There are 2 protein chains.
Amino acid sequence: MPEIRKTIEELTELVATVLVSHNASEDNARQVAIALIAAEVEGQKGHGVSRVASYSAQAKSGKVNGFAIPEVIKVADAAIRVDAKHGFAFPAFSAAIETLTDLASNKGIAAAVITQSHHCGMLGYHAEKLAQKGLIALVFSNSPKAIAPWGGNQAVFGTNPIAFAAPRANSEPLVIDLSLSKVARGKVKMAYENNQSIPEGWALDKDGKTTTDAAAALSGTMVPMGEGKGSALVLMVEILAAALSASHFGFEASSFFTADGPAPDIGQLMIAISPGPLSANLYFNRIEALIAAILGQEGTRLPGSARAEKWEEARANGIKIGDQLFSNLLKLRNNPL
Amino acid sequence: MPEIRKTIEELTELVATVLVSHNASEDNARQVAIALIAAEVEGQKGHGVSRVASYSAQAKSGKVNGFAIPEVIKVADAAIRVDAKHGFAFPAFSAAIETLTDLASNKGIAAAVITQSHHCGMLGYHAEKLAQKGLIALVFSNSPKAIAPWGGNQAVFGTNPIAFAAPRANSEPLVIDLSLSKVARGKVKMAYENNQSIPEGWALDKDGKTTTDAAAALSGTMVPMGEGKGSALVLMVEILAAALSASHFGFEASSFFTADGPAPDIGQLMIAISPGPLSANLYFNRIEALIAAILGQEGTRLPGSARAEKWEEARANGIKIGDQLFSNLLKLRNNPL
């Protein structure tokens, strides 16, 4: 596929302009654009520029409120509830992170739920922001249904990502970001489009039986990573992200992609922990001892460690983007839906 | 193997007496006994009565301080640090749970680390206690080294369990309790002792290569559940349980079994969340809607749901215990090490 290169700034500007032209505030559009471009830089293309068309259509139709101003409600000394007001998730995360940073620093730990929320892109992006403020972050999101309860055949849960970020004294934070399906559903879609079969163990058909047929998998459910154990984690995240925030469960949520119907209204939970008090101020020394033990072994690397190079590359040489995808952005800018 | 039946009370009394006769306070011995018997009832025999001999030997040698009185230090408004003082973990957990219950109820969320700690048995046991007080609980522990960093061949991390418990309005809490190795190391040991091979994917040999030879596996490392993704979770738990509590990492910790050497000094983290404020008081309704969607499908069950029946059975008919194991307890009681 032919590709062109654009600078981070050019691409961010273009995406923001497209969103504004489809009913979003300047500020919301900019926050969404920065997050999508970050995913593009880090190679997580499923959370990157490919989302602009469906985000725009949803802002246009009103499924997403592009002018939403998230509301932060303090519900306890160390807990806040952030209402995303059916807007994009990114402004709600920014508001949550700002308040959480102070709260966790003062209280030792603090929590924020986000409700009436939407697709939050790379979950690690939000966790990392807390870690850049010196806090350990745990972030959970649910998402539209894709995974069945263990033993069942109907999707109830999303692929329910977990993100974790740990601050370091003299390095960028360590970031872990994983969705709980064994593989992304996009991989099954791609196999289907290329008329290929999928490896056993990725997905189940509509009767809950393992399948290597991509079409059968698409009308079935995704297998959790770690099978039964992973399935328990999927349930845990569904409770933390959606029951605790009183949002829609995966089986109740509308699509993150289509422009019709009601808002997805899923939920998120962020927990921020100040490592100083709990560790008697030994945390920053201790985590380096652990990292040294890991990296002292040949063949190892830290999760997320490839990201720094990707940012360097993108800053120096711009971002590669498919010709077709880029010209679609231009079309959306010049001729809003 | 011939088995006998003893009541919960008889067995608890016997285990407590054995521990007291090996240098433990009445109160500590009772707390340990109650937790070990709970594991025995729930079928988690690796955390049950089988531990009494090595616990006794460690109390006798002083590797565990059977008379330790845990110290609770409030380090921030919503955070406590509990020093287990190289005693058994169970009294430290009890102290942490007592303080956390009030803190989390008042602050919305609260955290406790436990340091200078030891084997904590079934992790879900502690999470469940918080959920019985109406709190959502997340509990993490590290443990002596068993798992290599992804791509490496030397064990750095423990099998690092995660426990989660969620309260319900009119039912016992939903409890999730899983260690992050694909299978327990005990299964490899058993295969070795029976001269059997192990399935591919359970363990790696000392060169980091997958092996079906149980002996090679025992001198190698365990594979995490969910492979690379699971490996990231193992690292996350190591940071949360040990770096945050400033305790020993898996690769620094001594054995939970042998009586010689220094204390293991591993760590734990408990997070307790009050679901009312964060969910605008909708949590208890919402979790029932989720559970109904799960159990409405044939073939499904909730994690931990078999436990209730096991308790009923044990209360009605006592606990089955191997003849040999029981007579060892009697020997230990009558002739302390």
# chains A, B, ... in the order shown; residues from 1 in each chain; ligands from 1
>>> interface_residues(of="chain B", to="chain A", cutoff="7 Å", atoms="only C-alpha atoms", output="PDB file with N, CA and C atoms, in the first residue's frame")
ATOM      1  N   VAL B  75       0.135   6.032  56.868  1.00  0.00           N
ATOM      2  CA  VAL B  75       1.149   6.812  56.154  1.00  0.00           C
ATOM      3  C   VAL B  75       0.528   7.940  55.325  1.00  0.00           C
ATOM      4  N   ALA B  76      -0.771   7.918  55.156  1.00  0.00           N
ATOM      5  CA  ALA B  76      -1.487   8.997  54.462  1.00  0.00           C
ATOM      6  C   ALA B  76      -2.957   8.845  54.832  1.00  0.00           C
ATOM      7  N   ASP B  77      -3.767   9.823  54.434  1.00  0.00           N
ATOM      8  CA  ASP B  77      -5.192   9.817  54.802  1.00  0.00           C
ATOM      9  C   ASP B  77      -5.899   8.523  54.441  1.00  0.00           C
ATOM     10  N   ALA B  78      -5.497   7.916  53.307  1.00  0.00           N
ATOM     11  CA  ALA B  78      -6.212   6.729  52.820  1.00  0.00           C
ATOM     12  C   ALA B  78      -5.257   5.565  52.604  1.00  0.00           C
ATOM     13  N   ALA B  79      -4.124   5.565  53.314  1.00  0.00           N
ATOM     14  CA  ALA B  79      -3.120   4.529  53.065  1.00  0.00           C
ATOM     15  C   ALA B  79      -2.437   4.103  54.353  1.00  0.00           C
ATOM     16  N   ILE B  80      -2.304   2.786  54.509  1.00  0.00           N
ATOM     17  CA  ILE B  80      -1.585   2.265  55.673  1.00  0.00           C
ATOM     18  C   ILE B  80      -0.503   1.291  55.239  1.00  0.00           C
ATOM     19  N   ARG B  81       0.502   1.217  56.073  1.00  0.00           N
ATOM     20  CA  ARG B  81       1.608   0.301  55.878  1.00  0.00           C
ATOM     21  C   ARG B  81       1.581  -0.635  57.080  1.00  0.00           C
ATOM     22  N   LYS B 107     -13.268   7.090  53.006  1.00  0.00           N
ATOM     23  CA  LYS B 107     -12.553   7.863  51.986  1.00  0.00           C
ATOM     24  C   LYS B 107     -12.966   7.488  50.566  1.00  0.00           C
ATOM     25  N   GLY B 108     -13.752   6.428  50.413  1.00  0.00           N
ATOM     26  CA  GLY B 108     -14.133   5.983  49.074  1.00  0.00           C
ATOM     27  C   GLY B 108     -13.217   4.891  48.562  1.00  0.00           C
ATOM     28  N   ILE B 109     -11.935   5.018  48.874  1.00  0.00           N
ATOM     29  CA  ILE B 109     -10.941   3.997  48.511  1.00  0.00           C
ATOM     30  C   ILE B 109      -9.804   4.100  49.523  1.00  0.00           C
ATOM     31  N   ALA B 110      -9.138   2.986  49.781  1.00  0.00           N
ATOM     32  CA  ALA B 110      -7.970   3.007  50.664  1.00  0.00           C
ATOM     33  C   ALA B 110      -7.064   1.846  50.303  1.00  0.00           C
ATOM     34  N   ALA B 111      -5.777   1.984  50.653  1.00  0.00           N
ATOM     35  CA  ALA B 111      -4.802   0.939  50.335  1.00  0.00           C
ATOM     36  C   ALA B 111      -4.003   0.556  51.570  1.00  0.00           C
ATOM     37  N   VAL B 113      -0.363  -1.721  52.272  1.00  0.00           N
ATOM     38  CA  VAL B 113       0.692  -2.669  51.907  1.00  0.00           C
ATOM     39  C   VAL B 113       1.064  -3.446  53.158  1.00  0.00           C
ATOM     40  N   PRO B 149      11.390 -13.396  33.348  1.00  0.00           N
ATOM     41  CA  PRO B 149      10.884 -12.318  32.493  1.00  0.00           C
ATOM     42  C   PRO B 149      10.694 -12.875  31.082  1.00  0.00           C
ATOM     43  N   TRP B 150       9.739 -12.345  30.339  1.00  0.00           N
ATOM     44  CA  TRP B 150       9.441 -12.846  29.005  1.00  0.00           C
ATOM     45  C   TRP B 150      10.694 -12.738  28.130  1.00  0.00           C
ATOM     46  N   GLY B 151      11.089 -13.867  27.524  1.00  0.00           N
ATOM     47  CA  GLY B 151      12.301 -13.899  26.721  1.00  0.00           C
ATOM     48  C   GLY B 151      13.533 -14.327  27.501  1.00  0.00           C
ATOM     49  N   GLY B 152      13.456 -14.364  28.812  1.00  0.00           N
ATOM     50  CA  GLY B 152      14.599 -14.739  29.642  1.00  0.00           C
ATOM     51  C   GLY B 152      14.522 -16.190  30.086  1.00  0.00           C
ATOM     52  N   ILE B 176     -12.747 -13.963  43.064  1.00  0.00           N
ATOM     53  CA  ILE B 176     -11.824 -14.433  42.030  1.00  0.00           C
ATOM     54  C   ILE B 176     -10.447 -14.548  42.663  1.00  0.00           C
ATOM     55  N   LEU B 178      -6.623 -16.095  41.497  1.00  0.00           N
ATOM     56  CA  LEU B 178      -5.840 -16.854  40.531  1.00  0.00           C
ATOM     57  C   LEU B 178      -4.369 -16.505  40.615  1.00  0.00           C
ATOM     58  N   MET B 225       0.314 -17.745  32.726  1.00  0.00           N
ATOM     59  CA  MET B 225      -0.957 -17.897  32.000  1.00  0.00           C
ATOM     60  C   MET B 225      -1.017 -16.760  30.985  1.00  0.00           C
ATOM     61  N   GLY B 226      -1.514 -17.059  29.778  1.00  0.00           N
ATOM     62  CA  GLY B 226      -1.607 -16.011  28.765  1.00  0.00           C
ATOM     63  C   GLY B 226      -0.273 -15.579  28.190  1.00  0.00           C
ATOM     64  N   LYS B 229       1.228 -11.699  27.390  1.00  0.00           N
ATOM     65  CA  LYS B 229       0.328 -10.796  28.111  1.00  0.00           C
ATOM     66  C   LYS B 229       0.344 -11.095  29.607  1.00  0.00           C
ATOM     67  N   ALA B 232       3.328  -9.772  31.435  1.00  0.00           N
ATOM     68  CA  ALA B 232       3.238  -8.360  31.816  1.00  0.00           C
ATOM     69  C   ALA B 232       2.454  -8.206  33.123  1.00  0.00           C
ATOM     70  N   ILE B 239       5.559  -5.408  41.004  1.00  0.00           N
ATOM     71  CA  ILE B 239       5.734  -3.990  41.361  1.00  0.00           C
ATOM     72  C   ILE B 239       4.737  -3.586  42.444  1.00  0.00           C
ATOM     73  N   ALA B 243       7.577  -3.829  45.097  1.00  0.00           N
ATOM     74  CA  ALA B 243       8.241  -2.517  44.999  1.00  0.00           C
ATOM     75  C   ALA B 243       7.479  -1.497  45.834  1.00  0.00           C
ATOM     76  N   LEU B 244       6.154  -1.539  45.786  1.00  0.00           N
ATOM     77  CA  LEU B 244       5.342  -0.547  46.501  1.00  0.00           C
ATOM     78  C   LEU B 244       5.406  -0.736  48.014  1.00  0.00           C
ATOM     79  N   SER B 245       5.628  -1.968  48.459  1.00  0.00           N
ATOM     80  CA  SER B 245       5.724  -2.208  49.906  1.00  0.00           C
ATOM     81  C   SER B 245       7.170  -2.215  50.361  1.00  0.00           C
ATOM     82  N   ALA B 246       8.097  -2.053  49.406  1.00  0.00           N
ATOM     83  CA  ALA B 246       9.534  -2.112  49.703  1.00  0.00           C
ATOM     84  C   ALA B 246       9.884  -3.433  50.387  1.00  0.00           C
ATOM     85  N   PRO B 275     -18.267   0.878  47.046  1.00  0.00           N
ATOM     86  CA  PRO B 275     -18.956   1.006  45.759  1.00  0.00           C
ATOM     87  C   PRO B 275     -20.083   2.034  45.749  1.00  0.00           C
ATOM     88  N   PRO B 277     -20.537   5.437  46.839  1.00  0.00           N
ATOM     89  CA  PRO B 277     -20.322   6.787  46.302  1.00  0.00           C
ATOM     90  C   PRO B 277     -19.931   6.786  44.826  1.00  0.00           C
ATOM     91  N   LEU B 278     -19.011   5.913  44.426  1.00  0.00           N
ATOM     92  CA  LEU B 278     -18.531   5.930  43.039  1.00  0.00           C
ATOM     93  C   LEU B 278     -19.644   5.588  42.049  1.00  0.00           C
ATOM     94  N   SER B 279     -20.583   4.763  42.461  1.00  0.00           N
ATOM     95  CA  SER B 279     -21.618   4.303  41.523  1.00  0.00           C
ATOM     96  C   SER B 279     -22.928   5.060  41.681  1.00  0.00           C
ATOM     97  N   LEU B 282     -25.713   2.822  42.666  1.00  0.00           N
ATOM     98  CA  LEU B 282     -26.333   1.877  41.725  1.00  0.00           C
ATOM     99  C   LEU B 282     -25.599   0.537  41.657  1.00  0.00           C
ATOM    100  N   TYR B 283     -24.435   0.446  42.295  1.00  0.00           N
ATOM    101  CA  TYR B 283     -23.593  -0.745  42.165  1.00  0.00           C
ATOM    102  C   TYR B 283     -24.329  -2.050  42.458  1.00  0.00           C
ATOM    103  N   ARG B 286     -26.562  -2.984  39.719  1.00  0.00           N
ATOM    104  CA  ARG B 286     -25.870  -3.240  38.458  1.00  0.00           C
ATOM    105  C   ARG B 286     -25.183  -4.606  38.473  1.00  0.00           C
ATOM    106  N   ILE B 287     -24.535  -4.948  39.562  1.00  0.00           N
ATOM    107  CA  ILE B 287     -23.803  -6.236  39.554  1.00  0.00           C
ATOM    108  C   ILE B 287     -24.780  -7.399  39.424  1.00  0.00           C
ATOM    109  N   ILE B 294     -24.867 -13.478  32.921  1.00  0.00           N
ATOM    110  CA  ILE B 294     -23.917 -14.605  32.879  1.00  0.00           C
ATOM    111  C   ILE B 294     -24.653 -15.919  33.120  1.00  0.00           C
ATOM    112  N   GLN B 297     -27.041 -18.017  30.758  1.00  0.00           N
ATOM    113  CA  GLN B 297     -26.520 -18.896  29.706  1.00  0.00           C
ATOM    114  C   GLN B 297     -26.194 -20.269  30.270  1.00  0.00           C
ATOM    115  N   GLU B 298     -26.607 -21.286  29.528  1.00  0.00           N
ATOM    116  CA  GLU B 298     -26.315 -22.652  29.935  1.00  0.00           C
ATOM    117  C   GLU B 298     -24.804 -22.892  30.006  1.00  0.00           C
ATOM    118  N   GLY B 299     -24.361 -23.633  30.989  1.00  0.00           N
ATOM    119  CA  GLY B 299     -22.959 -24.043  31.038  1.00  0.00           C
ATOM    120  C   GLY B 299     -22.058 -23.062  31.767  1.00  0.00           C
ATOM    121  N   THR B 300     -22.618 -21.963  32.238  1.00  0.00           N
ATOM    122  CA  THR B 300     -21.781 -20.977  32.926  1.00  0.00           C
ATOM    123  C   THR B 300     -21.919 -21.105  34.436  1.00  0.00           C
ATOM    124  N   PRO B 303     -17.102 -17.543  39.071  1.00  0.00           N
ATOM    125  CA  PRO B 303     -15.866 -18.002  39.716  1.00  0.00           C
ATOM    126  C   PRO B 303     -16.104 -18.130  41.225  1.00  0.00           C
TER     127      PRO B 303
END
>>> select_by_dssp(residues="segment 197-262 of chain A", states="strand (DSSP E)", output="list of chain:residue names")
A:Ala203, A:Leu204, A:Thr210, A:Thr211, A:Thr221, A:Met222
>>> residues_around(residues="Val15 of chain A", least_positions_apart="3", cutoff="9 Å", atoms="only C-alpha atoms", output="list in words")
Glu10, Leu11, Thr12, Val18, Leu19, Val20, Ala29, Arg30, Val32, Ala33, Ile34, Leu36, Ile37, Val49, Val52, Leu329 and Arg333 of chain A
>>> closest_residue(among="B:Arg307, B:Arg185, B:His118, B:Arg5", to="Ala89 of chain B", atoms="only C-alpha atoms")
B:His118
>>> atom_distance(atom1="atom CA of Asp205 of chain B", atom2="atom CA of Cys120 of chain B")
27.9 Å
>>> atom_distance(atom1="atom CA of Ala272 of chain B", atom2="atom CA of Gln132 of chain B")
11.6 Å
>>> residues_around(residues="Lys133 of chain A", least_positions_apart="4", cutoff="9 Å", atoms="only C-alpha atoms", output="ChimeraX atom specification")
/A:101,128-129,167
>>> write_last_selection(atoms="N, CA and C atoms", output="CSV table (one decimal), in the first residue's frame")
chain,number,residue,atom,x,y,z
A,101,THR,N,-4.6,13.5,40.3
A,101,THR,CA,-3.2,13.7,40.6
A,101,THR,C,-3.1,14.4,42.0
A,128,GLU,N,-0.2,6.3,31.7
A,128,GLU,CA,1.1,7.0,31.6
A,128,GLU,C,1.1,8.4,32.1
A,129,LYS,N,0.0,9.1,31.8
A,129,LYS,CA,-0.1,10.5,32.3
A,129,LYS,C,0.0,10.6,33.8
A,167,PRO,N,5.9,4.9,37.7
A,167,PRO,CA,6.9,6.0,37.5
A,167,PRO,C,8.3,5.5,37.8
>>> atom_distance(atom1="atom CA of Tyr192 of chain A", atom2="atom CA of Leu204 of chain A")
14.4 Å
